[in-house]
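Shown next: protein38.txt, given as compact mmCIF, C-alpha atoms.
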```txt
# COMPACT_ATOMS: atom_id res chain seq x y z
CA MET R 22 115.16 91.20 108.82
CA ASN R 23 116.15 91.62 105.19
CA TYR R 24 113.18 90.98 102.94
CA GLY R 25 114.88 92.14 99.76
CA SER R 26 117.95 90.03 99.15
CA SER R 27 119.67 86.91 100.34
CA SER R 28 122.93 85.10 99.84
CA SER R 29 122.86 81.43 98.92
CA GLY R 30 122.62 78.83 101.69
CA ALA R 31 125.23 76.74 99.90
CA ARG R 32 128.62 76.44 101.59
CA GLY R 33 131.08 78.98 100.28
CA ALA R 34 128.61 80.70 97.96
CA THR R 35 128.85 84.47 97.85
CA ARG R 36 126.50 85.37 95.01
CA ARG R 37 123.55 87.48 96.12
CA VAL R 38 120.21 87.68 94.37
CA GLU R 39 117.50 90.29 94.69
CA TYR R 40 114.05 89.08 95.69
CA GLY R 41 110.90 90.92 94.73
CA ARG R 42 108.21 92.35 96.98
CA THR R 43 106.92 90.29 99.90
CA TYR R 44 103.17 90.43 100.58
CA VAL R 45 101.86 89.66 104.07
CA VAL R 46 98.30 88.59 104.93
CA ARG R 47 97.70 89.22 108.63
CA PRO R 48 95.63 86.75 110.67
CA LYS R 49 92.05 87.84 111.31
CA GLY R 50 91.87 85.84 114.53
CA ARG R 51 94.32 84.51 117.12
CA HIS R 52 97.72 84.04 115.47
CA GLN R 53 98.47 80.32 115.66
CA ALA R 54 100.51 79.62 112.53
CA THR R 55 102.61 81.38 109.90
CA ILE R 56 103.00 79.88 106.45
CA VAL R 57 105.28 81.13 103.68
CA TRP R 58 103.43 80.53 100.40
CA LEU R 59 105.46 80.38 97.18
CA HIS R 60 104.20 81.23 93.71
CA GLY R 61 104.94 79.42 90.47
CA ILE R 62 107.42 80.38 87.79
CA GLY R 63 106.82 83.78 86.20
CA ASP R 64 104.32 84.81 88.89
CA ASN R 65 104.64 86.97 92.02
CA GLY R 66 103.48 86.97 95.61
CA SER R 67 100.53 89.30 95.03
CA SER R 68 98.19 86.93 93.20
CA TRP R 69 98.44 84.20 95.83
CA SER R 70 98.14 86.66 98.73
CA GLN R 71 94.72 87.66 97.44
CA LEU R 72 93.52 84.05 97.23
CA LEU R 73 94.94 83.13 100.63
CA ASP R 74 93.31 86.17 102.22
CA SER R 75 89.92 84.79 101.13
CA LEU R 76 90.36 81.37 102.78
CA PRO R 77 88.47 80.53 105.99
CA LEU R 78 91.70 80.23 107.97
CA PRO R 79 91.64 83.27 110.27
CA ASN R 80 94.43 82.01 112.54
CA ILE R 81 97.12 81.82 109.85
CA LYS R 82 99.49 84.59 108.86
CA TRP R 83 100.57 84.20 105.24
CA ILE R 84 103.89 85.49 103.92
CA CYS R 85 104.00 85.59 100.12
CA PRO R 86 107.44 86.52 98.78
CA THR R 87 108.31 87.16 95.15
CA ALA R 88 111.11 85.15 93.56
CA PRO R 89 114.14 86.82 91.97
CA THR R 90 114.26 87.32 88.23
CA ARG R 91 116.74 84.90 86.69
CA SER R 92 117.55 83.13 83.44
CA VAL R 93 115.61 79.86 83.14
CA THR R 94 117.09 77.09 81.00
CA ALA R 95 113.70 75.47 80.39
CA PHE R 96 112.60 78.70 78.67
CA GLY R 97 115.68 78.94 76.46
CA GLY R 98 117.42 81.29 78.87
CA PHE R 99 114.51 83.72 79.09
CA SER R 100 114.51 85.69 82.34
CA CYS R 101 111.49 85.54 84.64
CA THR R 102 110.71 85.21 88.33
CA ALA R 103 111.90 81.77 89.47
CA TRP R 104 113.02 80.30 92.77
CA PHE R 105 115.80 78.37 91.03
CA ASN R 106 116.95 77.52 87.53
CA VAL R 107 115.28 74.48 85.99
CA GLU R 108 115.89 72.45 82.84
CA ASP R 109 112.48 70.77 82.85
CA THR R 110 109.63 70.15 85.30
CA SER R 111 110.45 66.49 85.85
CA LEU R 112 112.66 64.45 88.18
CA ASP R 113 115.36 64.05 85.53
CA GLY R 114 116.71 67.59 85.08
CA ARG R 115 119.92 68.89 86.61
CA ASP R 116 119.43 70.31 90.10
CA ASP R 117 120.40 73.95 90.71
CA ILE R 118 121.68 73.45 94.27
CA GLU R 119 122.90 77.03 94.63
CA GLY R 120 119.55 78.46 93.55
CA LEU R 121 117.58 75.98 95.65
CA ASP R 122 119.67 76.57 98.77
CA GLY R 123 119.56 80.33 98.28
CA SER R 124 115.76 80.43 98.07
CA ALA R 125 115.39 77.92 100.92
CA ALA R 126 117.57 80.18 103.09
CA HIS R 127 115.50 83.23 102.13
CA ILE R 128 112.29 81.39 103.06
CA ALA R 129 113.71 80.26 106.40
CA ASN R 130 114.78 83.85 107.07
CA LEU R 131 111.21 85.07 106.51
CA LEU R 132 110.00 82.64 109.19
CA SER R 133 112.83 83.16 111.66
CA ALA R 134 111.34 86.20 113.42
CA GLU R 135 107.91 84.66 114.08
CA PRO R 136 106.80 84.26 117.73
CA PRO R 137 108.03 81.05 119.41
CA ASP R 138 104.51 79.78 120.12
CA VAL R 139 103.46 80.03 116.46
CA ARG R 140 103.69 76.97 114.22
CA LEU R 141 105.65 77.42 110.99
CA GLY R 142 104.94 76.01 107.56
CA ILE R 143 105.84 76.33 103.88
CA GLY R 144 103.53 75.79 100.92
CA GLY R 145 103.39 76.59 97.27
CA PHE R 146 102.19 75.96 93.74
CA SER R 147 104.22 74.45 90.87
CA MET R 148 107.84 75.64 91.25
CA GLY R 149 106.79 77.09 94.61
CA ALA R 150 105.58 73.63 95.62
CA SER R 151 108.94 72.21 94.60
CA MET R 152 110.63 74.76 96.86
CA ALA R 153 108.36 73.68 99.72
CA LEU R 154 109.32 70.03 99.18
CA TYR R 155 112.99 70.96 98.93
CA SER R 156 112.71 72.92 102.18
CA ALA R 157 111.18 69.81 103.78
CA SER R 158 114.24 67.81 102.75
CA CYS R 159 116.55 70.49 104.23
CA TYR R 160 114.57 70.54 107.47
CA ALA R 161 114.65 66.76 107.79
CA GLN R 162 118.40 66.60 107.21
CA GLY R 163 118.97 69.52 109.56
CA LYS R 164 121.01 71.30 106.92
CA PHE R 165 120.88 72.80 103.46
CA TRP R 166 122.26 70.63 100.68
CA GLY R 167 125.32 72.88 100.61
CA GLY R 168 126.05 71.98 104.24
CA ASN R 169 124.97 74.97 106.33
CA PRO R 170 122.58 74.25 109.27
CA TYR R 171 118.83 74.58 108.62
CA PRO R 172 117.71 77.15 111.21
CA ILE R 173 113.97 76.68 111.87
CA TYR R 174 111.45 74.06 113.03
CA LEU R 175 108.71 73.24 110.52
CA SER R 176 105.23 71.99 111.41
CA THR R 177 103.71 71.54 107.96
CA ILE R 178 104.39 71.44 104.21
CA VAL R 179 101.83 71.88 101.40
CA SER R 180 102.66 71.12 97.76
CA LEU R 181 100.23 71.81 94.89
CA SER R 182 101.21 70.63 91.39
CA GLY R 183 104.92 70.39 92.17
CA TRP R 184 107.82 67.99 91.77
CA LEU R 185 110.66 66.97 94.09
CA PRO R 186 114.10 68.48 93.41
CA CYS R 187 117.18 66.35 94.18
CA SER R 188 115.00 63.25 94.08
CA ARG R 189 117.79 60.98 92.84
CA THR R 190 119.92 61.36 95.97
CA LEU R 191 117.43 62.15 98.75
CA ARG R 192 116.96 58.60 100.02
CA SER R 193 120.69 57.87 100.30
CA ARG R 194 121.29 61.13 102.16
CA MET R 195 118.42 60.49 104.55
CA GLU R 196 119.56 56.96 105.36
CA THR R 197 122.77 58.25 106.93
CA SER R 198 120.96 59.93 109.85
CA GLN R 199 118.40 58.56 112.30
CA GLY R 200 117.64 62.15 113.28
CA ALA R 201 116.73 62.94 109.69
CA ILE R 202 114.38 59.95 109.49
CA ARG R 203 112.73 60.99 112.77
CA ARG R 204 112.21 64.59 111.65
CA ALA R 205 110.85 63.45 108.29
CA ALA R 206 108.40 61.03 109.90
CA ASN R 207 107.05 63.76 112.20
CA LEU R 208 106.50 66.37 109.46
CA PRO R 209 102.92 66.47 108.09
CA LEU R 210 103.09 66.91 104.32
CA LEU R 211 100.18 67.39 101.89
CA HIS R 212 101.03 66.77 98.23
CA CYS R 213 98.23 67.42 95.70
CA HIS R 214 98.40 66.90 91.94
CA GLY R 215 95.98 67.01 89.03
CA ARG R 216 95.78 63.97 86.77
CA GLY R 217 95.34 66.32 83.80
CA ASP R 218 98.38 68.50 84.55
CA GLU R 219 100.06 69.32 81.23
CA VAL R 220 102.97 71.32 82.72
CA VAL R 221 104.16 69.19 85.63
CA LEU R 222 102.94 65.78 84.55
CA TYR R 223 100.95 63.76 87.05
CA ARG R 224 103.45 60.91 86.96
CA HIS R 225 106.16 63.27 88.20
CA GLY R 226 104.01 64.36 91.13
CA GLU R 227 103.10 60.76 91.95
CA ARG R 228 106.72 59.62 91.70
CA SER R 229 107.78 62.51 93.96
CA ALA R 230 105.36 61.27 96.62
CA GLU R 231 106.76 57.74 96.33
CA ILE R 232 110.35 58.96 96.75
CA LEU R 233 109.41 61.08 99.75
CA ARG R 234 107.72 58.12 101.43
CA THR R 235 110.61 55.74 100.83
CA SER R 236 112.99 58.43 102.13
CA GLY R 237 111.21 58.54 105.49
CA PHE R 238 108.39 61.08 105.04
CA SER R 239 105.76 58.66 106.30
CA ASN R 240 103.35 61.41 107.45
CA LEU R 241 102.59 62.29 103.81
CA THR R 242 99.13 62.61 102.26
CA PHE R 243 99.07 62.35 98.46
CA LYS R 244 95.83 63.66 96.96
CA PRO R 245 95.16 63.23 93.20
CA PHE R 246 92.45 65.26 91.44
CA ASN R 247 90.78 63.83 88.36
CA GLY R 248 90.68 66.21 85.41
CA LEU R 249 92.65 68.96 87.15
CA GLY R 250 95.26 70.72 85.01
CA HIS R 251 98.06 73.03 86.09
CA TYR R 252 95.94 75.32 88.25
CA THR R 253 93.99 75.16 91.48
CA ILE R 254 90.26 74.78 92.06
CA PRO R 255 88.00 75.50 95.06
CA GLU R 256 87.74 71.78 95.88
CA GLU R 257 91.50 71.53 96.19
CA MET R 258 91.75 74.65 98.36
CA ASP R 259 88.91 73.32 100.56
CA ASP R 260 90.98 70.18 101.14
CA VAL R 261 94.02 72.31 101.96
CA CYS R 262 91.99 74.26 104.54
CA LYS R 263 90.64 71.10 106.19
CA TRP R 264 94.08 69.52 106.25
CA LEU R 265 95.75 72.59 107.79
CA ARG R 266 93.07 72.95 110.46
CA ALA R 267 93.52 69.32 111.46
CA ARG R 268 97.31 69.15 111.33
CA LEU R 269 97.95 72.51 112.99
CA GLY R 270 95.12 72.31 115.53
CA LEU R 271 93.69 75.65 114.44
CA ASP R 272 90.74 77.33 116.10
CA ARG R 273 87.51 77.06 114.12
CA SER R 274 86.28 80.49 115.13
CA ARG R 275 87.71 83.99 115.09
```
Transcribe the structure of this file into structure tokens.
Amino acid sequence: MNYGSSSSGARGATRRVEYGRTYVVRPKGRHQATIVWLHGIGDNGSSWSQLLDSLPLPNIKWICPTAPTRSVTAFGGFSCTAWFNVEDTSLDGRDDIEGLDGSAAHIANLLSAEPPDVRLGIGGFSMGASMALYSASCYAQGKFWGGNPYPIYLSTIVSLSGWLPCSRTLRSRMETSQGAIRRAANLPLLHCHGRGDEVVLYRHGERSAEILRTSGFSNLTFKPFNGLGHYTIPEEMDDVCKWLRARLGLDRSR
């Protein structure tokens, strides 16, 4: 398995990007689930791997990749680690389908070698959360937005302080396939957002949840946090732990 680079999942794309180091947190108990966790813009996989390692979830293996370094329009073209190019952290910016599909394919590749009896999930913070939601839309449709087949079965999605890419066209694409609606309805999705978020505004997170629901993601839990800015707090992570235990049927002991 290639953990260092990936070609885009978009049809006909040949551009390759180099991903940074991938950090893996091994399960401390029986391995029941593997979750790829995605950092926010300008960050790397190391910081989140340390936090995830401290959670009381001994049956989860965490894979924490590092995004490629690319020019980001929202930062005036400044280069930093980013899963895709973004104009602004709202639902109104232009969607970088090539970048989104490329990272979604890389994430699916990281999960593809996991044991068949292990449940698979994707989660993230900020831009990483947006990638998790985008991956959910690819899984439900059964294909990347560029057209190539989506290769893995997902059991859970967790989004913290993120927004939904391709929100303007998701519903119309989903409505063309009963299979897509069925897969969306069966995918447990936790979407958390702070009411005080000054980077990805709360209204964008709330609107993302509304669009997901109307597009068929009926098994969605939207959890607002009063006073929370663009960061995470122990209360939020406690809710994530409880939600994952319940949705994935995890053992409570090691």
Each region 167-262 of chain R residue no farther than 12 Å from region 118-141 of chain R, nearest pair in Å, only C-alpha atoms, as a Markdown table:
```
| residue | atom | partner | partner_atom | distance |
| --- | --- | --- | --- | --- |
| R:Gly167 | CA | R:Asp122 | CA | 7.0 |
| R:Gly168 | CA | R:Asp122 | CA | 9.6 |
| R:Asn169 | CA | R:Asp122 | CA | 9.4 |
| R:Pro170 | CA | R:Ala126 | CA | 9.9 |
| R:Tyr171 | CA | R:Ala129 | CA | 8.0 |
| R:Pro172 | CA | R:Ala129 | CA | 7.0 |
| R:Ile173 | CA | R:Ala129 | CA | 6.5 |
| R:Tyr174 | CA | R:Leu141 | CA | 7.0 |
| R:Leu175 | CA | R:Leu141 | CA | 5.2 |
| R:Ser176 | CA | R:Leu141 | CA | 5.5 |
| R:Thr177 | CA | R:Leu141 | CA | 6.9 |
| R:Ile178 | CA | R:Leu141 | CA | 9.1 |
| R:Val179 | CA | R:Leu141 | CA | 11.7 |
| R:Leu185 | CA | R:Leu121 | CA | 11.5 |
| R:Pro186 | CA | R:Leu121 | CA | 8.6 |
| R:Cys187 | CA | R:Ile118 | CA | 8.4 |
| R:Leu208 | CA | R:Leu141 | CA | 11.2 |
| R:Pro209 | CA | R:Leu141 | CA | 11.7 |
```
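Neighbouring residues of Gly250 (chain R) at 6 Å or closer, counting all atoms listed in the file and skipping chain neighbours under 3 positions away, are Gly215, Gly217 and Asp218 of chain R.
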At a cut-off of 10 Å, using only C-alpha atoms, what residues contact Ile202 (chain R)? Leave out same-chain residues fewer than 4 positions from it and give the result as a short mmCIF file (atom, residue, chain, number, x, y, z; two decimals) with C-alpha atoms, in the frame of the given file.
```cif
data_model
loop_
_atom_site.label_atom_id
_atom_site.label_comp_id
_atom_site.auth_asym_id
_atom_site.auth_seq_id
_atom_site.Cartn_x
_atom_site.Cartn_y
_atom_site.Cartn_z
CA ALA R 161 114.65 66.76 107.79
CA GLN R 162 118.40 66.60 107.21
CA ARG R 192 116.96 58.60 100.02
CA MET R 195 118.42 60.49 104.55
CA GLU R 196 119.56 56.96 105.36
CA THR R 197 122.77 58.25 106.93
CA SER R 198 120.96 59.93 109.85
CA ALA R 206 108.40 61.03 109.90
CA ASN R 207 107.05 63.76 112.20
CA SER R 236 112.99 58.43 102.13
CA GLY R 237 111.21 58.54 105.49
CA PHE R 238 108.39 61.08 105.04
CA SER R 239 105.76 58.66 106.30
#
```
Residues within 10 Å of Gly226 (chain R), all atoms listed in the file, excluding chain neighbours under 4 positions, as a PDB file with C-alpha atoms, keeping the file's coordinate frame:
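Saved as part.pdb:
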```pdb
ATOM      1  CA  THR R 110     109.630  70.150  85.300  1.00  0.00           C
ATOM      2  CA  SER R 111     110.450  66.490  85.850  1.00  0.00           C
ATOM      3  CA  LEU R 112     112.660  64.450  88.180  1.00  0.00           C
ATOM      4  CA  SER R 151     108.940  72.210  94.600  1.00  0.00           C
ATOM      5  CA  SER R 180     102.660  71.120  97.760  1.00  0.00           C
ATOM      6  CA  LEU R 181     100.230  71.810  94.890  1.00  0.00           C
ATOM      7  CA  SER R 182     101.210  70.630  91.390  1.00  0.00           C
ATOM      8  CA  GLY R 183     104.920  70.390  92.170  1.00  0.00           C
ATOM      9  CA  TRP R 184     107.820  67.990  91.770  1.00  0.00           C
ATOM     10  CA  LEU R 185     110.660  66.970  94.090  1.00  0.00           C
ATOM     11  CA  HIS R 212     101.030  66.770  98.230  1.00  0.00           C
ATOM     12  CA  CYS R 213      98.230  67.420  95.700  1.00  0.00           C
ATOM     13  CA  HIS R 214      98.400  66.900  91.940  1.00  0.00           C
ATOM     14  CA  GLY R 215      95.980  67.010  89.030  1.00  0.00           C
ATOM     15  CA  ARG R 216      95.780  63.970  86.770  1.00  0.00           C
ATOM     16  CA  ASP R 218      98.380  68.500  84.550  1.00  0.00           C
ATOM     17  CA  VAL R 221     104.160  69.190  85.630  1.00  0.00           C
ATOM     18  CA  LEU R 222     102.940  65.780  84.550  1.00  0.00           C
ATOM     19  CA  ALA R 230     105.360  61.270  96.620  1.00  0.00           C
ATOM     20  CA  GLU R 231     106.760  57.740  96.330  1.00  0.00           C
ATOM     21  CA  PHE R 243      99.070  62.350  98.460  1.00  0.00           C
ATOM     22  CA  PRO R 245      95.160  63.230  93.200  1.00  0.00           C
TER      23      PRO R 245
END
```
With all atoms listed in the file counted and 7 Å as the cut-off, give the residues of region 78-105 of chain R in contact with region 57-74 of chain R, each with its shortest interatomic distance in Å and the pair that gives it, as a Markdown table.
```
| residue | atom | partner | partner_atom | distance |
| --- | --- | --- | --- | --- |
| R:Trp83 | CA | R:Val57 | CA | 5.8 |
| R:Ile84 | CA | R:Val57 | CA | 4.6 |
| R:Cys85 | CA | R:Gly66 | CA | 4.7 |
| R:Pro86 | CA | R:Gly66 | CA | 5.1 |
| R:Thr87 | CA | R:Asn65 | CA | 4.8 |
| R:Ala88 | CA | R:Asn65 | CA | 6.9 |
| R:Cys101 | CA | R:Gly63 | CA | 5.2 |
| R:Thr102 | CA | R:Gly63 | CA | 4.7 |
| R:Ala103 | CA | R:Ile62 | CA | 5.0 |
```
Each side padded by 4 Å, which centre and which edge lengths in Å (one decimal) define the axis-aligned box around the listed atoms of region 114-122 of chain R? Give them as AutoDock Vina command-line options.
```
--center_x 119.8 --center_y 73.0 --center_z 91.9 --size_x 14.2 --size_y 18.9 --size_z 21.7
```
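Using only C-alpha atoms, the shortest contact distance between Ile56 (chain R) and any of R:Thr242, R:Gln199, R:Asn80, R:Ser75 is found at R:Asn80.
Note that CA of Ala201 (chain R) and CA of Thr235 (chain R) are 13.0 Å apart.
From CA of Gly163 (chain R) back to CA of Gly200 (chain R), the distance works out to 8.4 Å.
Among the candidate residues R:Ser158, R:Arg228, R:Ile143, R:Pro255, the one lying nearest to Arg204 (chain R) is R:Ser158, with distances computed using only C-alpha atoms.
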Near Leu265 (chain R), within 10 Å and counting all atoms listed in the file, which residues show up once chain neighbours fewer than 3 positions away are dropped, as a VMD selection string?
chain R and resid 54 78 81 142 177 to 179 209 to 211 259 to 262 268 to 271
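The residue that comes closest to Gly41 (chain R), out of R:Lys82, R:Arg91, R:His251, R:Arg189 and on the basis of all atoms listed in the file, is R:Arg91.
Candidate residues R:Gly114, R:Tyr223, R:Arg51, R:Tyr40 were compared for distance to Leu249 (chain R), and the nearest is R:Tyr223, using only C-alpha atoms.
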Min atom-atom distance to Pro77 (chain R) from the set R:Arg37, R:Lys49, R:Lys164, R:Thr43, counting only C-alpha atoms, belongs to R:Lys49
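CA of Gly145 (chain R) is positioned 18.5 Å from CA of Pro48 (chain R).
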Starting from the incomplete input, reconstruct N, CA, C and O atoms of region 140-156 of chain R and report them as a tab-separated table (two decimals), in the frame of the given file.
```
chain	number	residue	atom	x	y	z
R	140	ARG	N	103.21	78.06	115.06
R	140	ARG	CA	103.69	76.97	114.22
R	140	ARG	C	104.06	77.50	112.83
R	140	ARG	O	103.38	78.38	112.30
R	141	LEU	N	105.10	76.92	112.25
R	141	LEU	CA	105.65	77.42	110.99
R	141	LEU	C	105.45	76.40	109.88
R	141	LEU	O	105.62	75.19	110.09
R	142	GLY	N	105.12	76.89	108.69
R	142	GLY	CA	104.94	76.01	107.56
R	142	GLY	C	105.37	76.67	106.26
R	142	GLY	O	105.58	77.89	106.19
R	143	ILE	N	105.50	75.85	105.22
R	143	ILE	CA	105.84	76.33	103.88
R	143	ILE	C	104.93	75.62	102.90
R	143	ILE	O	104.72	74.40	102.99
R	144	GLY	N	104.37	76.37	101.96
R	144	GLY	CA	103.53	75.79	100.92
R	144	GLY	C	103.77	76.51	99.61
R	144	GLY	O	104.43	77.56	99.56
R	145	GLY	N	103.23	75.93	98.55
R	145	GLY	CA	103.39	76.59	97.27
R	145	GLY	C	102.73	75.85	96.13
R	145	GLY	O	102.23	74.73	96.29
R	146	PHE	N	102.78	76.50	94.97
R	146	PHE	CA	102.19	75.96	93.74
R	146	PHE	C	103.29	75.83	92.69
R	146	PHE	O	104.12	76.73	92.53
R	147	SER	N	103.30	74.69	91.98
R	147	SER	CA	104.22	74.45	90.87
R	147	SER	C	105.68	74.57	91.34
R	147	SER	O	106.09	73.83	92.22
R	148	MET	N	106.47	75.49	90.79
R	148	MET	CA	107.84	75.64	91.25
R	148	MET	C	107.88	76.02	92.73
R	148	MET	O	108.80	75.61	93.46
R	149	GLY	N	106.89	76.77	93.19
R	149	GLY	CA	106.79	77.09	94.61
R	149	GLY	C	106.57	75.85	95.45
R	149	GLY	O	107.10	75.73	96.56
R	150	ALA	N	105.77	74.91	94.94
R	150	ALA	CA	105.58	73.63	95.62
R	150	ALA	C	106.87	72.84	95.68
R	150	ALA	O	107.18	72.20	96.69
R	151	SER	N	107.63	72.89	94.61
R	151	SER	CA	108.94	72.21	94.60
R	151	SER	C	109.86	72.80	95.64
R	151	SER	O	110.61	72.07	96.32
R	152	MET	N	109.82	74.13	95.82
R	152	MET	CA	110.63	74.76	96.86
R	152	MET	C	110.18	74.32	98.24
R	152	MET	O	111.00	74.14	99.15
R	153	ALA	N	108.87	74.15	98.42
R	153	ALA	CA	108.36	73.68	99.72
R	153	ALA	C	108.86	72.27	100.01
R	153	ALA	O	109.30	71.97	101.13
R	154	LEU	N	108.83	71.39	99.00
R	154	LEU	CA	109.32	70.03	99.18
R	154	LEU	C	110.83	70.01	99.42
R	154	LEU	O	111.34	69.24	100.24
R	155	TYR	N	111.54	70.86	98.72
R	155	TYR	CA	112.99	70.96	98.93
R	155	TYR	C	113.29	71.44	100.35
R	155	TYR	O	114.19	70.92	101.02
R	156	SER	N	112.53	72.43	100.82
R	156	SER	CA	112.71	72.92	102.18
R	156	SER	C	112.44	71.81	103.19
R	156	SER	O	113.11	71.73	104.23
```
